[in-house]
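Listing of my_file_12.txt, compact mmCIF, C-alpha atoms and all ligand atoms
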# COMPACT_ATOMS: atom_id res chain seq x y z
CA MET A 1 36.62 -46.44 -38.92
CA ASP A 2 40.38 -46.34 -39.38
CA ARG A 3 42.25 -48.72 -37.16
CA VAL A 4 45.88 -49.11 -36.32
CA GLN A 5 46.92 -52.74 -36.25
CA THR A 6 49.15 -53.49 -33.31
CA GLY A 7 50.55 -56.39 -35.36
CA ILE A 8 50.96 -58.33 -32.12
CA ALA A 9 49.74 -61.90 -32.71
CA GLY A 10 46.20 -62.28 -31.37
CA MET A 11 45.89 -58.71 -30.15
CA ASP A 12 44.11 -57.24 -33.16
CA ASP A 13 41.43 -59.94 -33.00
CA MET A 14 40.75 -58.86 -29.43
CA LEU A 15 40.50 -55.26 -30.63
CA ASN A 16 38.18 -56.10 -33.54
CA GLY A 17 40.90 -55.08 -35.97
CA GLY A 18 43.14 -52.73 -34.04
CA ILE A 19 43.28 -49.56 -31.97
CA PRO A 20 40.92 -46.89 -33.36
CA ALA A 21 43.19 -44.42 -35.16
CA GLY A 22 44.11 -41.29 -33.27
CA ARG A 23 43.30 -42.76 -29.87
CA HIS A 24 45.56 -42.81 -26.86
CA VAL A 25 45.96 -45.99 -24.88
CA ALA A 26 47.43 -46.66 -21.44
CA LEU A 27 49.30 -49.91 -20.94
CA TYR A 28 49.25 -50.93 -17.29
CA GLY A 29 51.43 -53.47 -15.59
CA GLY A 30 53.85 -54.15 -12.78
CA PRO A 31 57.60 -54.43 -13.24
CA GLY A 32 58.54 -57.09 -15.79
CA ALA A 33 54.93 -57.42 -16.98
CA GLY A 34 56.02 -56.88 -20.60
CA LYS A 35 55.10 -53.22 -21.15
CA THR A 36 58.30 -52.20 -22.89
CA SER A 37 58.26 -55.32 -25.07
CA PHE A 38 54.60 -54.76 -26.03
CA CYS A 39 55.24 -51.12 -26.96
CA PHE A 40 58.39 -51.90 -28.89
CA GLU A 41 56.64 -54.57 -30.93
CA TYR A 42 53.75 -52.16 -31.62
CA LEU A 43 56.26 -49.76 -33.20
CA TYR A 44 58.24 -52.52 -34.91
CA ARG A 45 55.10 -53.93 -36.60
CA GLY A 46 54.08 -50.42 -37.62
CA ALA A 47 57.49 -49.72 -39.12
CA LYS A 48 57.16 -52.93 -41.17
CA LEU A 49 53.79 -51.68 -42.45
CA GLY A 50 55.35 -48.38 -43.52
CA GLU A 51 54.07 -46.43 -40.50
CA PRO A 52 57.02 -44.76 -38.78
CA GLY A 53 57.02 -44.84 -34.99
CA LEU A 54 58.59 -42.89 -32.16
CA TYR A 55 59.54 -44.41 -28.80
CA ILE A 56 59.96 -41.79 -26.11
CA THR A 57 61.78 -43.41 -23.21
CA LEU A 58 61.79 -41.57 -19.91
CA GLU A 59 63.28 -44.40 -17.90
CA GLU A 60 65.87 -46.48 -19.70
CA THR A 61 68.50 -45.11 -22.06
CA THR A 62 67.95 -45.58 -25.79
CA GLU A 63 70.95 -47.95 -25.83
CA ASP A 64 69.41 -50.11 -23.10
CA ILE A 65 66.08 -50.31 -24.90
CA ILE A 66 67.75 -51.36 -28.15
CA GLU A 67 69.98 -53.90 -26.44
CA ASN A 68 67.15 -55.39 -24.36
CA MET A 69 64.72 -55.59 -27.27
CA LYS A 70 67.32 -57.23 -29.50
CA SER A 71 67.80 -59.91 -26.89
CA THR A 72 64.08 -60.27 -26.11
CA PHE A 73 63.13 -60.47 -29.81
CA PRO A 74 66.17 -61.98 -31.59
CA MET A 75 63.98 -63.09 -34.50
CA LEU A 76 62.97 -59.51 -35.29
CA SER A 77 66.43 -59.22 -36.76
CA ASP A 78 65.86 -56.18 -38.98
CA THR A 79 65.33 -53.92 -35.95
CA THR A 80 68.72 -52.29 -36.59
CA ASP A 81 67.78 -51.41 -40.18
CA LEU A 82 64.43 -49.94 -39.13
CA ILE A 83 66.20 -47.78 -36.55
CA ALA A 84 68.87 -46.74 -39.07
CA ASN A 85 66.31 -45.57 -41.63
CA LYS A 86 64.21 -43.82 -38.94
CA SER A 87 61.15 -46.02 -39.39
CA LEU A 88 61.59 -46.64 -35.69
CA GLU A 89 63.13 -43.89 -33.65
CA ILE A 90 63.96 -44.07 -29.96
CA VAL A 91 64.45 -40.81 -28.08
CA LYS A 92 65.23 -40.00 -24.49
CA PRO A 93 64.30 -36.39 -23.63
CA ASP A 94 66.75 -34.41 -21.48
CA LYS A 95 64.07 -33.45 -19.00
CA LEU A 96 61.14 -35.27 -17.41
CA ASP A 97 58.66 -32.84 -18.83
CA LEU A 98 55.42 -33.42 -20.75
CA GLU A 99 55.89 -30.20 -22.69
CA ASP A 100 59.23 -31.54 -23.89
CA VAL A 101 57.58 -34.83 -24.85
CA ALA A 102 54.86 -32.96 -26.77
CA ASN A 103 57.45 -30.88 -28.61
CA ILE A 104 59.42 -33.95 -29.65
CA LEU A 105 56.21 -35.59 -30.88
CA GLU A 106 55.14 -32.57 -32.92
CA ASP A 107 58.60 -32.24 -34.40
CA ARG A 108 58.75 -35.89 -35.50
CA ILE A 109 55.22 -35.84 -36.92
CA THR A 110 56.20 -32.89 -39.11
CA SER A 111 59.70 -34.01 -40.05
CA ASN A 112 59.30 -37.79 -40.19
CA GLY A 113 55.55 -38.43 -40.57
CA ILE A 114 55.32 -40.64 -37.50
CA LYS A 115 51.98 -42.40 -37.07
CA ARG A 116 52.64 -44.32 -33.85
CA ALA A 117 54.08 -43.13 -30.58
CA VAL A 118 55.04 -44.71 -27.29
CA ILE A 119 55.67 -42.92 -24.02
CA ASP A 120 57.42 -45.13 -21.46
CA SER A 121 56.43 -44.29 -18.75
CA ALA A 122 53.84 -41.88 -17.38
CA THR A 123 54.91 -42.99 -13.93
CA MET A 124 58.29 -41.28 -14.37
CA ILE A 125 56.48 -38.04 -15.14
CA ARG A 126 54.08 -38.45 -12.26
CA MET A 127 57.03 -38.82 -9.91
CA SER A 128 58.43 -35.52 -11.07
CA PHE A 129 55.40 -33.67 -9.68
CA ALA A 130 55.13 -32.61 -6.07
CA THR A 131 51.39 -33.18 -5.94
CA GLU A 132 48.87 -35.43 -7.65
CA ILE A 133 46.76 -32.40 -8.58
CA GLU A 134 49.58 -30.83 -10.59
CA TYR A 135 50.16 -34.09 -12.40
CA ARG A 136 46.43 -34.45 -13.23
CA GLN A 137 46.30 -30.92 -14.62
CA THR A 138 49.38 -31.44 -16.77
CA LEU A 139 48.20 -34.84 -18.00
CA PHE A 140 44.85 -33.34 -19.06
CA GLU A 141 46.61 -30.58 -20.96
CA PHE A 142 48.98 -33.06 -22.55
CA LEU A 143 46.09 -35.23 -23.73
CA SER A 144 44.21 -32.34 -25.29
CA LEU A 145 47.39 -31.52 -27.15
CA LEU A 146 47.81 -35.15 -28.25
CA ARG A 147 44.25 -35.18 -29.59
CA ASN A 148 45.21 -32.50 -32.11
CA LEU A 149 48.02 -34.63 -33.47
CA ASP A 150 47.58 -37.32 -36.10
CA VAL A 151 49.13 -40.10 -34.04
CA THR A 152 48.01 -43.25 -32.20
CA SER A 153 49.85 -43.65 -28.94
CA ILE A 154 50.51 -46.07 -26.12
CA THR A 155 51.66 -44.76 -22.76
CA THR A 156 52.91 -47.19 -20.15
CA VAL A 157 51.87 -46.88 -16.52
CA GLU A 158 53.60 -48.73 -13.72
CA ALA A 159 51.02 -50.61 -11.67
CA SER A 160 51.70 -50.92 -7.98
CA THR A 161 50.44 -54.50 -7.94
CA SER A 162 50.49 -57.54 -10.21
CA LYS A 163 47.27 -58.85 -8.66
CA ARG A 164 44.16 -58.41 -10.73
CA ASP A 165 41.79 -57.74 -7.84
CA GLU A 166 44.09 -55.14 -6.30
CA MET A 167 44.26 -52.97 -9.42
CA LYS A 168 43.30 -49.40 -8.50
CA TYR A 169 41.73 -46.78 -10.72
CA ASP A 170 44.37 -44.16 -11.29
CA ILE A 171 43.92 -40.85 -13.04
CA GLU A 172 45.17 -42.38 -16.30
CA HIS A 173 42.19 -44.73 -16.26
CA PHE A 174 39.82 -41.81 -16.65
CA VAL A 175 41.64 -39.63 -19.15
CA MET A 176 42.98 -42.17 -21.62
CA ASP A 177 40.84 -43.56 -24.48
CA GLY A 178 41.88 -47.12 -23.84
CA ILE A 179 43.35 -49.28 -21.14
CA ILE A 180 45.15 -52.57 -21.57
CA ASN A 181 46.26 -54.37 -18.42
CA LEU A 182 49.22 -56.74 -18.38
CA TYR A 183 49.50 -59.15 -15.48
CA ASN A 184 52.19 -61.40 -14.11
CA LEU A 185 49.82 -63.62 -12.17
CA ASP A 186 51.02 -65.52 -9.16
CA ARG A 187 50.31 -69.23 -9.36
CA GLU A 188 51.46 -71.79 -6.80
CA ASP A 189 54.87 -72.48 -8.24
CA ARG A 190 55.06 -70.17 -11.23
CA ARG A 191 53.96 -66.91 -12.77
CA VAL A 192 51.56 -66.70 -15.68
CA ARG A 193 51.37 -63.77 -18.06
CA ALA A 194 47.86 -62.60 -18.91
CA LEU A 195 46.26 -59.51 -20.37
CA GLU A 196 42.87 -57.89 -20.78
CA ILE A 197 41.46 -54.91 -22.62
CA PHE A 198 39.82 -52.99 -19.82
CA LYS A 199 38.44 -50.20 -21.95
CA MET A 200 38.72 -48.97 -25.54
CA ARG A 201 36.64 -45.98 -26.58
CA GLY A 202 35.22 -46.16 -30.08
CA THR A 203 35.21 -49.91 -30.56
CA ASP A 204 33.82 -53.16 -29.30
CA HIS A 205 36.50 -55.46 -27.92
CA SER A 206 37.12 -58.70 -26.11
CA ARG A 207 36.67 -58.54 -22.35
CA ASP A 208 38.42 -61.84 -21.72
CA LEU A 209 41.46 -62.27 -19.54
CA VAL A 210 43.76 -64.22 -21.86
CA PRO A 211 47.24 -65.72 -21.54
CA PHE A 212 50.15 -64.29 -23.49
CA LYS A 213 53.81 -65.14 -23.99
CA VAL A 214 56.90 -63.16 -24.84
CA THR A 215 58.65 -65.22 -27.53
CA PRO A 216 61.76 -64.54 -29.66
CA GLN A 217 59.41 -63.95 -32.64
CA GLY A 218 57.25 -61.46 -30.76
CA ILE A 219 54.43 -61.44 -28.24
CA LYS A 220 51.74 -64.08 -28.71
CA VAL A 221 48.29 -63.51 -27.25
CA TYR A 222 46.29 -66.72 -26.88
CA THR A 223 42.84 -65.42 -27.75
CA GLY A 224 40.09 -67.75 -26.64
CA GLU A 225 42.25 -69.62 -24.14
CA LYS A 226 41.69 -69.63 -20.40
CA VAL A 227 44.23 -68.52 -17.84
CA PHE A 228 45.15 -71.32 -15.44
N1 LIG B 1 63.35 -63.86 -25.04
C1 LIG B 1 62.50 -63.83 -24.01
N2 LIG B 1 61.63 -64.83 -23.85
C2 LIG B 1 60.76 -64.83 -22.84
N3 LIG B 1 60.67 -63.85 -21.94
C3 LIG B 1 61.51 -62.82 -22.05
C4 LIG B 1 62.46 -62.75 -23.08
N4 LIG B 1 63.15 -61.61 -22.92
C5 LIG B 1 62.63 -61.00 -21.86
N5 LIG B 1 61.65 -61.72 -21.33
C6 LIG B 1 60.82 -61.37 -20.18
O1 LIG B 1 60.28 -60.08 -20.36
C7 LIG B 1 60.40 -59.35 -19.15
C8 LIG B 1 60.71 -57.88 -19.39
O2 LIG B 1 59.64 -57.32 -19.99
P1 LIG B 1 59.57 -55.74 -20.17
O3 LIG B 1 58.88 -55.58 -21.46
O4 LIG B 1 60.87 -55.08 -20.00
O5 LIG B 1 58.62 -55.41 -18.94
P2 LIG B 1 58.21 -54.02 -18.27
O6 LIG B 1 58.53 -52.96 -19.26
O7 LIG B 1 56.76 -54.18 -18.00
O8 LIG B 1 58.99 -53.92 -17.02
C9 LIG B 1 61.57 -59.94 -18.44
O9 LIG B 1 61.37 -59.81 -17.05
C10 LIG B 1 61.57 -61.36 -18.88
O10 LIG B 1 60.83 -62.13 -17.96
MG MG B 2 59.65 -51.20 -19.11

Would it be possible to restate this file's structure as structure tokens?
Ligand SMILES: Nc1ncnc2c1ncn2[C@@H]1O[C@H](COP(=O)(O)OP(=O)(O)O)[C@@H](O)[C@H]1O
Ligand SMILES: [Mg+2]
Amino acid sequence: MDRVQTGIAGMDDMLNGGIPAGRHVALYGGPGAGKTSFCFEYLYRGAKLGEPGLYITLEETTEDIIENMKSTFPMLSDTTDLIANKSLEIVKPDKLDLEDVANILEDRITSNGIKRAVIDSATMIRMSFATEIEYRQTLFEFLSLLRNLDVTSITTVEASTSKRDEMKYDIEHFVMDGIINLYNLDREDRRVRALEIFKMRGTDHSRDLVPFKVTPQGIKVYTGEKVF
């Protein structure tokens, strides 16, 4: 099976080599959990491997993403070059519309051969719908469209809680091929970052809750370590 290496330290071991190619993964987490950083590094590592990536931001401006990621990951210093030569493209659509997102994706697959995509976040799109039913319907249609494209994507979803036992099953949990949860766990006097692969169709994977850190060199997932 073809796999897409996330390139994030420790993550591909947990995925038995990477995300199965062509699958669509949801990345869950509360505010500040590290979703944007995780997605950006996924595209950065891909760009370094010669797999162009597209970051569709629905929340922050492209300038904000670039500025924040440069300060989060100062050691990934060739980010500017990768953006300049379109190995890593960041786009903010004019409208909060999944059809628009799909069109941008199709266009960049044809014109730029992108292999990896990020949509940040589904929650922004959900908020643009009056009812949950309309959102569900549109998300289903969007996913069937995505499945016809030769791209491996991560879509972020804003979780309403950072507590592991309060995590609800949202619609995205059922329709997406994979789910990775990021937590900012509350400990007595500090917060601890942890993640788990909740589901990943088409591959065996670790089911451990493991600590991770956001470092200037990139995210580090401490496979095999316990969360304290
Ligand atoms: N250089 C850094 N080292 C450690 N942590 C950082 C660094 N830069 C940013 N962070 C942390 O990353 C968090 C932001 O992560 P982000 O990926 O934007 O989260 P999300 O998209 O889930 O809201 C910040 O709240 C901060 O705690
Ligand atoms: Mg974010």

Kindly give the distance, in Å, that separates CA of Asp13 (chain A) and CA of Thr223 (chain A), rounded to a single decimal.
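Atom-to-atom, CA of Asp13 (chain A) and CA of Thr223 (chain A) are spaced 7.7 Å apart.
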
(49.5, -47.1, -18.8) in this file's frame - what residues fall within 6 Å of it? Use only C-alpha atoms and give the answer as a compact mmCIF listing (two decimals) with C-alpha atoms, in the frame of the given file.
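New file point_20.txt:
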# COMPACT_ATOMS: atom_id res chain seq x y z
CA ALA A 26 47.43 -46.66 -21.44
CA LEU A 27 49.30 -49.91 -20.94
CA TYR A 28 49.25 -50.93 -17.29
CA THR A 155 51.66 -44.76 -22.76
CA THR A 156 52.91 -47.19 -20.15
CA VAL A 157 51.87 -46.88 -16.52

Using all atoms listed in the file, determine which residues fall within 8 Å of ligand MG 2 (chain B), then list them as a list of chain:residue names.
A:Pro31, A:Gly32, A:Gly34, A:Lys35, A:Thr36, A:Ser37, A:Glu59, A:Glu60, A:Asp120, A:Ser121, A:Thr156

Mind pulling up the distance from CA of Arg126 (chain A) to CA of Leu96 (chain A)?
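Calculated distance between CA of Leu96 (chain A) and CA of Arg126 (chain A) is 9.3 Å.
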
Please identify every polymer residue within 8 Å of ligand LIG 1 (chain B), using all atoms listed in the file, and present the set as an MDAnalysis selection string.
chainID A and resid 29:39 68:69 71:74 158 182 213:216

Selection file, C-alpha atoms, as a CSV table (one decimal), in the coordinates of the input:
chain,number,residue,atom,x,y,z
A,29,GLY,CA,51.4,-53.5,-15.6
A,30,GLY,CA,53.8,-54.2,-12.8
A,31,PRO,CA,57.6,-54.4,-13.2
A,32,GLY,CA,58.5,-57.1,-15.8
A,33,ALA,CA,54.9,-57.4,-17.0
A,34,GLY,CA,56.0,-56.9,-20.6
A,35,LYS,CA,55.1,-53.2,-21.2
A,36,THR,CA,58.3,-52.2,-22.9
A,37,SER,CA,58.3,-55.3,-25.1
A,38,PHE,CA,54.6,-54.8,-26.0
A,39,CYS,CA,55.2,-51.1,-27.0
A,68,ASN,CA,67.2,-55.4,-24.4
A,69,MET,CA,64.7,-55.6,-27.3
A,71,SER,CA,67.8,-59.9,-26.9
A,72,THR,CA,64.1,-60.3,-26.1
A,73,PHE,CA,63.1,-60.5,-29.8
A,74,PRO,CA,66.2,-62.0,-31.6
A,158,GLU,CA,53.6,-48.7,-13.7
A,182,LEU,CA,49.2,-56.7,-18.4
A,213,LYS,CA,53.8,-65.1,-24.0
A,214,VAL,CA,56.9,-63.2,-24.8
A,215,THR,CA,58.6,-65.2,-27.5
A,216,PRO,CA,61.8,-64.5,-29.7

Out of A:Phe228, A:Gly7, A:Thr79, A:Glu132, which residue has the shortest atom-to-atom distance to Arg190 (chain A) when counting all atoms listed in the file?
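For Arg190 (chain A), the nearest of the given residues is A:Phe228.
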
Would you kindly return, as a list in words, each protein, DNA or RNA residue with an atom no farther than 12 Å from any atom of Glu166 (chain A), considering all atoms listed in the file and excluding same-chain residues fewer than 3 positions away?
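Surrounding residues, per the criterion: Gly29, Gly30, Ala159, Ser160, Thr161, Ser162, Lys163, Tyr169, Tyr183 and Leu185 of chain A.
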
Separation of CA of Gln137 (chain A) and CA of Asp177 (chain A), in Å?
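CA of Asp177 (chain A) lies at a distance of 16.9 Å from CA of Gln137 (chain A).
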
Which residues, written as a list in words, have at least one atom at most 10 Å from Leu145 (chain A), with only C-alpha atoms counted and residues fewer than 3 positions away on the same chain left out?
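Once the nearby chain positions are removed, what remains is Glu99, Ala102, Glu106, Leu139, Phe140, Glu141, Phe142, Asn148 and Leu149 of chain A.
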
Convert the current residue selection to file output with C-alpha atoms, as an mmCIF file, keeping the file's coordinate frame.
data_model
loop_
_atom_site.group_PDB
_atom_site.id
_atom_site.type_symbol
_atom_site.label_atom_id
_atom_site.label_comp_id
_atom_site.auth_asym_id
_atom_site.auth_seq_id
_atom_site.Cartn_x
_atom_site.Cartn_y
_atom_site.Cartn_z
ATOM 1 C CA GLU A 99 55.890 -30.200 -22.690
ATOM 2 C CA ALA A 102 54.860 -32.960 -26.770
ATOM 3 C CA GLU A 106 55.140 -32.570 -32.920
ATOM 4 C CA LEU A 139 48.200 -34.840 -18.000
ATOM 5 C CA PHE A 140 44.850 -33.340 -19.060
ATOM 6 C CA GLU A 141 46.610 -30.580 -20.960
ATOM 7 C CA PHE A 142 48.980 -33.060 -22.550
ATOM 8 C CA ASN A 148 45.210 -32.500 -32.110
ATOM 9 C CA LEU A 149 48.020 -34.630 -33.470
#
